[in-house]
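The file final-v1.txt comes next; it holds compact mmCIF, C-alpha atoms.
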# COMPACT_ATOMS: atom_id res chain seq x y z
CA MET A 1 20.49 -0.33 25.93
CA THR A 2 20.80 0.46 22.22
CA THR A 3 21.39 4.16 21.50
CA HIS A 4 20.83 6.11 18.32
CA VAL A 5 24.62 6.22 17.95
CA ASP A 6 24.67 2.41 17.99
CA LEU A 7 21.83 2.30 15.50
CA ALA A 8 23.59 4.77 13.23
CA ALA A 9 26.71 2.59 13.20
CA LYS A 10 24.69 -0.53 12.50
CA ALA A 11 22.76 1.25 9.73
CA ALA A 12 26.02 2.30 8.08
CA ALA A 13 27.31 -1.27 8.31
CA PHE A 14 24.09 -2.57 6.77
CA ALA A 15 24.28 -0.09 3.89
CA ALA A 16 27.85 -1.18 3.16
CA LEU A 17 26.64 -4.73 2.50
CA HIS A 18 24.95 -3.60 -0.72
CA THR A 19 27.36 -4.21 -3.58
CA PRO A 20 27.18 -6.00 -6.95
CA THR A 21 30.57 -7.54 -6.19
CA ALA A 22 28.91 -9.71 -3.55
CA PRO A 23 25.17 -8.94 -3.45
CA LEU A 24 23.48 -8.99 -0.08
CA ALA A 25 21.37 -12.18 -0.07
CA LEU A 26 18.41 -12.08 2.29
CA ALA A 27 16.38 -15.15 3.27
CA ASN A 28 13.42 -13.34 4.80
CA ALA A 29 12.20 -14.46 8.22
CA TRP A 30 8.88 -13.93 9.97
CA ASP A 31 9.56 -14.98 13.56
CA VAL A 32 12.36 -15.14 16.10
CA ALA A 33 13.25 -18.79 15.52
CA GLY A 34 13.45 -18.27 11.77
CA ALA A 35 15.62 -15.18 12.21
CA LEU A 36 17.99 -17.14 14.43
CA VAL A 37 18.19 -19.95 11.89
CA VAL A 38 19.02 -17.43 9.15
CA GLU A 39 21.69 -15.79 11.31
CA ALA A 40 23.19 -19.16 12.24
CA ALA A 41 23.43 -20.03 8.54
CA GLY A 42 25.89 -17.15 8.19
CA ALA A 43 23.69 -14.30 7.00
CA PRO A 44 25.21 -10.85 7.61
CA ALA A 45 21.73 -9.36 8.08
CA VAL A 46 18.14 -10.43 8.71
CA ALA A 47 15.12 -9.17 6.79
CA THR A 48 11.50 -9.73 7.69
CA THR A 49 8.82 -10.64 5.17
CA SER A 50 5.59 -8.70 5.58
CA ALA A 51 3.55 -11.57 4.20
CA GLY A 52 5.08 -14.13 6.54
CA VAL A 53 4.73 -11.82 9.54
CA ALA A 54 1.08 -11.06 8.73
CA TRP A 55 0.19 -14.72 8.15
CA SER A 56 1.87 -15.85 11.35
CA LEU A 57 -0.11 -13.23 13.29
CA GLY A 58 -3.45 -14.13 11.71
CA SER A 59 -3.75 -11.34 9.12
CA PRO A 60 -3.61 -11.29 5.32
CA ASP A 61 -0.72 -9.48 3.66
CA GLY A 62 -1.43 -6.02 2.29
CA ASP A 63 -1.67 -3.34 5.01
CA ALA A 64 -4.16 -5.34 7.09
CA LEU A 65 -1.87 -6.01 10.07
CA ALA A 66 -1.95 -3.46 12.88
CA ARG A 67 1.21 -1.39 13.16
CA ASP A 68 1.85 -2.18 16.83
CA ARG A 69 1.76 -5.92 16.19
CA ALA A 70 4.21 -5.61 13.29
CA LEU A 71 6.59 -3.46 15.33
CA ASP A 72 6.41 -5.83 18.29
CA LEU A 73 7.59 -8.66 16.02
CA VAL A 74 10.42 -6.50 14.68
CA ALA A 75 11.55 -5.70 18.22
CA ARG A 76 11.56 -9.38 19.16
CA VAL A 77 13.67 -10.28 16.13
CA VAL A 78 16.12 -7.43 16.76
CA ALA A 79 16.52 -8.49 20.39
CA ALA A 80 17.27 -12.08 19.36
CA VAL A 81 19.94 -11.56 16.69
CA SER A 82 23.25 -9.71 16.61
CA VAL A 83 23.21 -8.76 12.91
CA PRO A 84 21.40 -5.74 11.43
CA VAL A 85 17.67 -6.14 10.85
CA THR A 86 15.63 -4.58 8.07
CA ALA A 87 11.84 -4.60 8.41
CA ASP A 88 9.27 -4.90 5.65
CA ILE A 89 6.64 -2.33 6.61
CA GLU A 90 4.36 -2.93 3.61
CA GLY A 91 2.94 0.46 2.55
CA GLY A 92 4.15 2.16 5.73
CA PHE A 93 1.36 1.29 8.19
CA GLY A 94 0.06 4.84 7.96
CA ALA A 95 -2.87 6.49 6.21
CA ASP A 96 -0.80 9.57 5.37
CA PRO A 97 2.84 10.69 5.37
CA ALA A 98 2.66 11.63 9.06
CA GLY A 99 1.55 8.08 9.83
CA VAL A 100 4.50 6.69 7.89
CA GLY A 101 6.79 8.91 9.93
CA GLU A 102 5.30 7.52 13.12
CA THR A 103 5.90 3.99 11.85
CA VAL A 104 9.55 4.77 11.10
CA THR A 105 9.99 6.20 14.59
CA GLY A 106 8.60 2.91 15.89
CA VAL A 107 10.91 0.88 13.63
CA LEU A 108 13.92 2.70 15.03
CA ALA A 109 12.66 2.26 18.59
CA ALA A 110 12.42 -1.47 17.83
CA GLY A 111 16.09 -1.41 16.81
CA ALA A 112 15.84 -2.08 13.05
CA VAL A 113 18.10 -0.12 10.71
CA GLY A 114 16.33 -0.66 7.41
CA ILE A 115 12.85 -0.75 5.95
CA ASN A 116 11.10 -1.88 2.80
CA ILE A 117 8.21 0.33 1.79
CA GLU A 118 6.11 -0.34 -1.31
CA ASP A 119 4.24 1.99 -3.63
CA GLY A 120 1.62 -0.55 -4.71
CA HIS A 121 -1.36 1.18 -6.30
CA ARG A 122 -0.48 4.59 -4.85
CA ASP A 123 0.23 7.49 -7.14
CA PRO A 124 3.99 8.05 -7.32
CA ALA A 125 3.57 11.65 -6.16
CA GLU A 126 1.87 10.42 -3.00
CA GLN A 127 4.61 7.85 -2.48
CA VAL A 128 7.22 10.58 -2.73
CA GLU A 129 5.59 12.37 0.20
CA ARG A 130 5.47 9.17 2.24
CA LEU A 131 9.14 8.44 1.56
CA ALA A 132 10.09 11.99 2.47
CA ALA A 133 8.26 11.59 5.78
CA ALA A 134 10.11 8.34 6.45
CA ARG A 135 13.45 10.00 5.79
CA ALA A 136 12.56 13.02 7.93
CA ALA A 137 11.68 10.75 10.87
CA ALA A 138 14.99 8.91 10.53
CA ASP A 139 16.93 12.14 10.22
CA ALA A 140 15.25 13.48 13.34
CA ALA A 141 16.52 10.41 15.18
CA GLY A 142 20.01 10.82 13.76
CA VAL A 143 19.97 7.39 12.09
CA PRO A 144 20.79 6.84 8.38
CA LEU A 145 17.94 4.36 8.01
CA TYR A 146 18.24 2.25 4.86
CA ILE A 147 15.00 2.95 3.00
CA ASN A 148 14.45 0.35 0.30
CA ALA A 149 11.72 1.81 -1.91
CA ARG A 150 9.75 -0.90 -3.69
CA VAL A 151 8.54 -0.09 -7.20
CA ASP A 152 5.64 -2.34 -8.19
CA THR A 153 5.46 -1.59 -11.91
CA TYR A 154 6.67 -5.04 -12.97
CA LEU A 155 5.17 -7.01 -10.09
CA ARG A 156 1.68 -5.65 -10.76
CA GLY A 157 2.05 -5.10 -14.51
CA PHE A 158 1.31 -1.37 -14.42
CA GLY A 159 1.06 0.46 -17.73
CA GLU A 160 2.17 -0.73 -21.14
CA SER A 161 5.08 -3.15 -21.35
CA ALA A 162 6.83 -0.87 -23.86
CA THR A 163 6.99 2.01 -21.36
CA ARG A 164 7.35 0.03 -18.12
CA LEU A 165 11.13 0.37 -17.92
CA ASP A 166 11.00 4.14 -18.34
CA ASP A 167 8.18 4.39 -15.79
CA THR A 168 10.17 2.32 -13.32
CA LEU A 169 13.28 4.46 -13.77
CA ALA A 170 11.25 7.65 -13.36
CA ARG A 171 9.68 6.38 -10.15
CA ALA A 172 13.06 5.25 -8.86
CA ALA A 173 14.62 8.65 -9.49
CA ALA A 174 11.74 10.44 -7.75
CA TYR A 175 11.90 8.09 -4.77
CA LEU A 176 15.65 8.58 -4.42
CA ARG A 177 15.21 12.35 -4.47
CA ALA A 178 12.62 11.96 -1.70
CA GLY A 179 15.10 10.14 0.53
CA ALA A 180 15.15 6.48 -0.47
CA THR A 181 18.50 4.70 -0.14
CA GLY A 182 17.91 1.82 -2.53
CA ILE A 183 15.33 0.64 -5.04
CA PHE A 184 13.52 -2.72 -4.97
CA VAL A 185 11.97 -3.88 -8.24
CA PRO A 186 10.23 -7.24 -7.76
CA GLY A 187 8.73 -9.09 -10.69
CA VAL A 188 11.59 -8.71 -13.17
CA LEU A 189 14.49 -11.12 -13.79
CA GLU A 190 15.07 -10.87 -17.56
CA PRO A 191 18.83 -10.14 -17.83
CA ASP A 192 18.67 -7.28 -20.35
CA THR A 193 15.99 -5.50 -18.33
CA VAL A 194 17.84 -6.06 -15.07
CA ALA A 195 21.01 -4.61 -16.60
CA GLU A 196 19.09 -1.55 -17.81
CA LEU A 197 17.60 -1.05 -14.35
CA ALA A 198 20.97 -1.33 -12.66
CA LYS A 199 22.47 1.11 -15.17
CA GLY A 200 19.63 3.60 -14.89
CA ILE A 201 19.16 3.64 -11.12
CA ASP A 202 21.73 5.66 -9.19
CA ALA A 203 21.46 3.50 -6.07
CA PRO A 204 21.66 -0.17 -5.04
CA LEU A 205 19.16 -2.35 -6.92
CA ASN A 206 17.27 -5.09 -5.06
CA LEU A 207 15.45 -7.93 -6.84
CA LEU A 208 13.03 -10.60 -5.65
CA VAL A 209 14.39 -14.09 -6.32
CA GLY A 210 13.09 -17.61 -6.02
CA PRO A 211 12.89 -20.89 -7.96
CA GLY A 212 14.02 -20.41 -11.55
CA ALA A 213 15.77 -17.08 -10.94
CA PRO A 214 19.41 -16.58 -12.00
CA ALA A 215 22.04 -17.29 -9.36
CA VAL A 216 23.06 -14.47 -7.04
CA ALA A 217 26.48 -14.09 -8.65
CA ALA A 218 24.92 -13.83 -12.12
CA LEU A 219 22.60 -11.07 -10.92
CA GLY A 220 25.54 -9.31 -9.32
CA ALA A 221 27.33 -9.35 -12.66
CA LEU A 222 24.33 -7.47 -14.08
CA GLY A 223 24.67 -4.79 -11.40
CA VAL A 224 22.28 -6.07 -8.71
CA SER A 225 23.37 -5.24 -5.15
CA ARG A 226 20.76 -7.14 -3.13
CA VAL A 227 18.47 -10.11 -3.58
CA SER A 228 15.58 -11.18 -1.38
CA LEU A 229 13.54 -14.36 -1.10
CA GLY A 230 10.55 -12.36 0.14
CA SER A 231 7.62 -14.57 1.07
CA TRP A 232 9.06 -17.65 -0.69
CA VAL A 233 10.51 -19.15 2.51
CA ALA A 234 7.25 -18.71 4.42
CA GLU A 235 5.29 -20.18 1.53
CA ALA A 236 7.63 -23.19 1.43
CA ALA A 237 7.31 -23.68 5.19
CA TYR A 238 3.52 -23.63 5.06
CA ALA A 239 3.65 -26.05 2.13
CA VAL A 240 5.45 -28.49 4.44
CA VAL A 241 2.66 -28.06 6.97
CA ARG A 242 0.06 -28.92 4.33
CA ARG A 243 1.99 -31.89 2.95
CA ALA A 244 2.57 -33.29 6.42
CA ALA A 245 -1.08 -32.88 7.39
CA GLU A 246 -2.40 -34.38 4.16
CA GLU A 247 0.00 -37.30 4.33
CA LEU A 248 -0.84 -37.98 7.97
CA ILE A 249 -4.59 -37.80 7.38
CA SER A 250 -4.75 -39.66 4.07
CA ASP A 251 -1.92 -42.19 4.34
CA GLY A 252 -1.09 -42.33 8.02
CA THR A 253 2.60 -41.83 7.22
CA TYR A 254 5.19 -39.19 8.00
CA GLY A 255 7.70 -38.95 5.14
CA SER A 256 7.09 -35.24 4.64
CA LEU A 257 8.99 -34.57 7.86
CA ALA A 258 12.14 -36.47 6.92
CA HIS A 259 14.29 -33.36 6.50
CA SER A 260 13.25 -31.45 9.62
CA LEU A 261 15.73 -29.47 11.68
CA PRO A 262 16.62 -31.35 14.87
CA TYR A 263 14.66 -30.33 17.94
CA GLY A 264 17.82 -29.83 19.97
CA GLU A 265 19.41 -27.57 17.37
CA LEU A 266 16.39 -25.26 17.25
CA ASN A 267 16.00 -25.25 21.01
CA SER A 268 19.65 -24.38 21.53
CA LEU A 269 19.37 -21.36 19.23
CA LEU A 270 16.64 -19.94 21.45
CA LYS A 271 18.64 -20.63 24.60
CA GLY A 272 21.62 -18.75 23.27

Rewrite the coordinates I just gave you, this time as C-alpha cells.
Amino acid sequence: MTTHVDLAAKAAAFAALHTPTAPLALANAWDVAGALVVEAAGAPAVATTSAGVAWSLGSPDGDALARDRALDLVARVVAAVSVPVTADIEGGFGADPAGVGETVTGVLAAGAVGINIEDGHRDPAEQVERLAAARAAADAAGVPLYINARVDTYLRGFGESATRLDDTLARAAAYLRAGATGIFVPGVLEPDTVAELAKGIDAPLNLLVGPGAPAVAALGALGVSRVSLGSWVAEAAYAVVRRAAEELISDGTYGSLAHSLPYGELNSLLKG
C-alpha cells in the first residue's frame, strides 16, 4: 500500500527531474497501455493528457469529463507503472476552490504526484484562489505535489501581443505565490520569447511541443526545464484509426497499419 511518505518521496524525485540541463520530456498518455509503452521507452515519468483521457472516455476536452472518471483513469495508470505520474486535471474538476481541493485529494489518493491545472478564461485572481486550494490540500496530506500551473495567454491569444509577455510573467508570479511549483506556457516557441519567459519566471518552465518545434536540447539551452507533447500523441493515434478505416473502406488495403507495434509486445507489457 502506498503511503503519503512514499508519495512525498516520489513527488520530490519527480520535481528533481525538472532542469534545463536535461529537460523532462513527457510523451503524454491517456490509457494504461499507452503509459506502459511510454515507460518501456525509457521515460522517467508519465503524464496524462486531459484531451486524450476525455476522448477515450467519450467526452470532449474542456472540463466536461466527470471528476471520478478522470481520477479512476489516473489510479489505473499509477497502478500499472513504476515511475512518477503527473495528471492533467484540466481546470481542476471543481466549480470553486474547495472543489479543486477535493480533486487534489483524489489525485493523491490515486497515487499521482503532480498535476497540470489551467487558467483558461478564468480571471487570474480566481485562479490564484484555486491554486492555493490545491496547495493546501496537498500540504494537508503531507505531499509536495508538483503543481504545474498552465498560463493560457499565448495559447488563446489573450490581450494585445505587445503586452502578452508581461501579462504572462505577472500571472506566473501570482500563481507561484499561490503555491504553484512550475509554470506551463503552451502556444509559444519563438526563441527570444521563450528565453524571456525562462529568465522572468522563478520556477521551472514547461512548454508544449510538437511537429516543427525546436529540439528538446535547444529549448533546454533557452532555459526550459520540461516539454510535453500534450494531446499530439492521441491526435496522431486517432489519425491512424481514420487512415486505416478510410483505406480499408475505399481501397480494400491495409498499408496504414504497416508500422504497428507487435501484438505480443503490447500484450507482454500488460502481463508484466

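Taking CA of Ala16 (chain A) and CA of Ala132 (chain A) as the two end points, the separation is 22.1 Å.
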
As a ChimeraX atom specification, please: the residues near region 25-40 of chain A (cut-off 6 Å, only C-alpha atoms, same-chain neighbours under 3 positions excluded).
/A:43,47-49,52-53,77,226-230

Give me the residues near Ser59 (chain A) as a PDB file with C-alpha atoms, in the frame of the given file, where near means some atom within 12 Å (using only C-alpha atoms) and where sequence neighbours in that chain fewer than 6 positions away do not count.
ATOM      1  CA  SER A  50       5.590  -8.700   5.580  1.00  0.00           C
ATOM      2  CA  ALA A  51       3.550 -11.570   4.200  1.00  0.00           C
ATOM      3  CA  GLY A  52       5.080 -14.130   6.540  1.00  0.00           C
ATOM      4  CA  VAL A  53       4.730 -11.820   9.540  1.00  0.00           C
ATOM      5  CA  LEU A  65      -1.870  -6.010  10.070  1.00  0.00           C
ATOM      6  CA  ALA A  66      -1.950  -3.460  12.880  1.00  0.00           C
ATOM      7  CA  ARG A  67       1.210  -1.390  13.160  1.00  0.00           C
ATOM      8  CA  ARG A  69       1.760  -5.920  16.190  1.00  0.00           C
ATOM      9  CA  ALA A  70       4.210  -5.610  13.290  1.00  0.00           C
TER      10      ALA A  70
END

Pairwise distance, CA of Asp119 (chain A) with CA of Ala149 (chain A), equals 7.7 Å

Using all atoms listed in the file, the best pick from A:Ala245, A:Leu261, A:Ala234, A:Leu219 as closest to Ala22 (chain A) would be A:Leu219

Using all atoms listed in the file, determine which residues lie at most 9 Å from region 198-208 of chain A, disregarding the query and same-chain residues fewer than 5 positions distant; provide the list as an mmCIF file with C-alpha atoms, in the coordinates of the input.
data_model
loop_
_atom_site.group_PDB
_atom_site.id
_atom_site.type_symbol
_atom_site.label_atom_id
_atom_site.label_comp_id
_atom_site.auth_asym_id
_atom_site.auth_seq_id
_atom_site.Cartn_x
_atom_site.Cartn_y
_atom_site.Cartn_z
ATOM 1 C CA HIS A 18 24.950 -3.600 -0.720
ATOM 2 C CA THR A 19 27.360 -4.210 -3.580
ATOM 3 C CA PRO A 20 27.180 -6.000 -6.950
ATOM 4 C CA PRO A 23 25.170 -8.940 -3.450
ATOM 5 C CA LEU A 24 23.480 -8.990 -0.080
ATOM 6 C CA ASN A 148 14.450 0.350 0.300
ATOM 7 C CA ARG A 150 9.750 -0.900 -3.690
ATOM 8 C CA LEU A 169 13.280 4.460 -13.770
ATOM 9 C CA ALA A 172 13.060 5.250 -8.860
ATOM 10 C CA ALA A 173 14.620 8.650 -9.490
ATOM 11 C CA LEU A 176 15.650 8.580 -4.420
ATOM 12 C CA ALA A 180 15.150 6.480 -0.470
ATOM 13 C CA THR A 181 18.500 4.700 -0.140
ATOM 14 C CA GLY A 182 17.910 1.820 -2.530
ATOM 15 C CA ILE A 183 15.330 0.640 -5.040
ATOM 16 C CA PHE A 184 13.520 -2.720 -4.970
ATOM 17 C CA VAL A 185 11.970 -3.880 -8.240
ATOM 18 C CA PRO A 186 10.230 -7.240 -7.760
ATOM 19 C CA GLY A 187 8.730 -9.090 -10.690
ATOM 20 C CA VAL A 188 11.590 -8.710 -13.170
ATOM 21 C CA LEU A 189 14.490 -11.120 -13.790
ATOM 22 C CA THR A 193 15.990 -5.500 -18.330
ATOM 23 C CA ALA A 213 15.770 -17.080 -10.940
ATOM 24 C CA LEU A 219 22.600 -11.070 -10.920
ATOM 25 C CA LEU A 222 24.330 -7.470 -14.080
ATOM 26 C CA GLY A 223 24.670 -4.790 -11.400
ATOM 27 C CA VAL A 224 22.280 -6.070 -8.710
ATOM 28 C CA SER A 225 23.370 -5.240 -5.150
ATOM 29 C CA ARG A 226 20.760 -7.140 -3.130
ATOM 30 C CA VAL A 227 18.470 -10.110 -3.580
ATOM 31 C CA SER A 228 15.580 -11.180 -1.380
ATOM 32 C CA LEU A 229 13.540 -14.360 -1.100
ATOM 33 C CA GLY A 230 10.550 -12.360 0.140
#

Around (16.2, 0.1, 10.1) in the file's frame, which residues reach within 7 Å when counting all atoms listed in the file? Return as a JSON list (two decimals) with C-alpha atoms, keeping the file's coordinate frame?
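Ended up saving to selection-v6.json:
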[["chain", "number", "residue", "atom", "x", "y", "z"],
["A", 11, "ALA", "CA", 22.76, 1.25, 9.73],
["A", 85, "VAL", "CA", 17.67, -6.14, 10.85],
["A", 86, "THR", "CA", 15.63, -4.58, 8.07],
["A", 87, "ALA", "CA", 11.84, -4.60, 8.41],
["A", 107, "VAL", "CA", 10.91, 0.88, 13.63],
["A", 108, "LEU", "CA", 13.92, 2.70, 15.03],
["A", 111, "GLY", "CA", 16.09, -1.41, 16.81],
["A", 112, "ALA", "CA", 15.84, -2.08, 13.05],
["A", 113, "VAL", "CA", 18.10, -0.12, 10.71],
["A", 114, "GLY", "CA", 16.33, -0.66, 7.41],
["A", 115, "ILE", "CA", 12.85, -0.75, 5.95],
["A", 145, "LEU", "CA", 17.94, 4.36, 8.01],
["A", 146, "TYR", "CA", 18.24, 2.25, 4.86]]

note - CA of Asp96 (chain A) and CA of Ala54 (chain A) are separated by 21.0 Å

A:Ala136, A:Gly106, A:Asp61, A:Trp55 ranked by distance to Ala75 (chain A), top pick (using only C-alpha atoms) |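 Among A:Ala136, A:Gly106, A:Asp61, A:Trp55, it is A:Gly106 that comes nearest to Ala75 (chain A).
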
So which one's closest to Gly142 (chain A), A:Asn116, A:Thr105, A:Tyr154, A:Pro60? Using all atoms listed in the file, please.
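The closest residue to Gly142 (chain A) is A:Thr105.
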
Quick one: of A:Arg177, A:Arg130, A:His121, A:Lys271, who's nearest to Leu155 (chain A), counting all atoms listed in the file?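 Of the candidates, the smallest distance to Leu155 (chain A) is held by A:His121.
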
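Between Glu90 (chain A) and the residues A:Val151, A:Leu7, A:Ala110, A:Ala140, the shortest atom-to-atom distance, using all atoms listed in the file, involves A:Val151.
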
Check your understanding: So, counting all atoms listed in the file, which residue among A:Ala137, A:Leu165, A:Val74, A:Leu131 is closest to Glu102 (chain A)?
Key ->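 Smallest distance to Glu102 (chain A) is found for A:Ala137.
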
* To do: Step by step: start from the point (3.4, 6.5, 6.0) in the file's coordinates, keep every protein, DNA or RNA residue that has an atom no farther than 9 Å from it, count all atoms listed in the file, and write the set as number ranges by chain.
  => A: 91-104, 117, 127, 129-131, 133-134

Spatial neighbours of Ala8 (chain A), max dist 7 Å, all atoms listed in the file, sep filter under 4 positions, as a VMD selection string:
chain A and resid 4 12 143 to 144
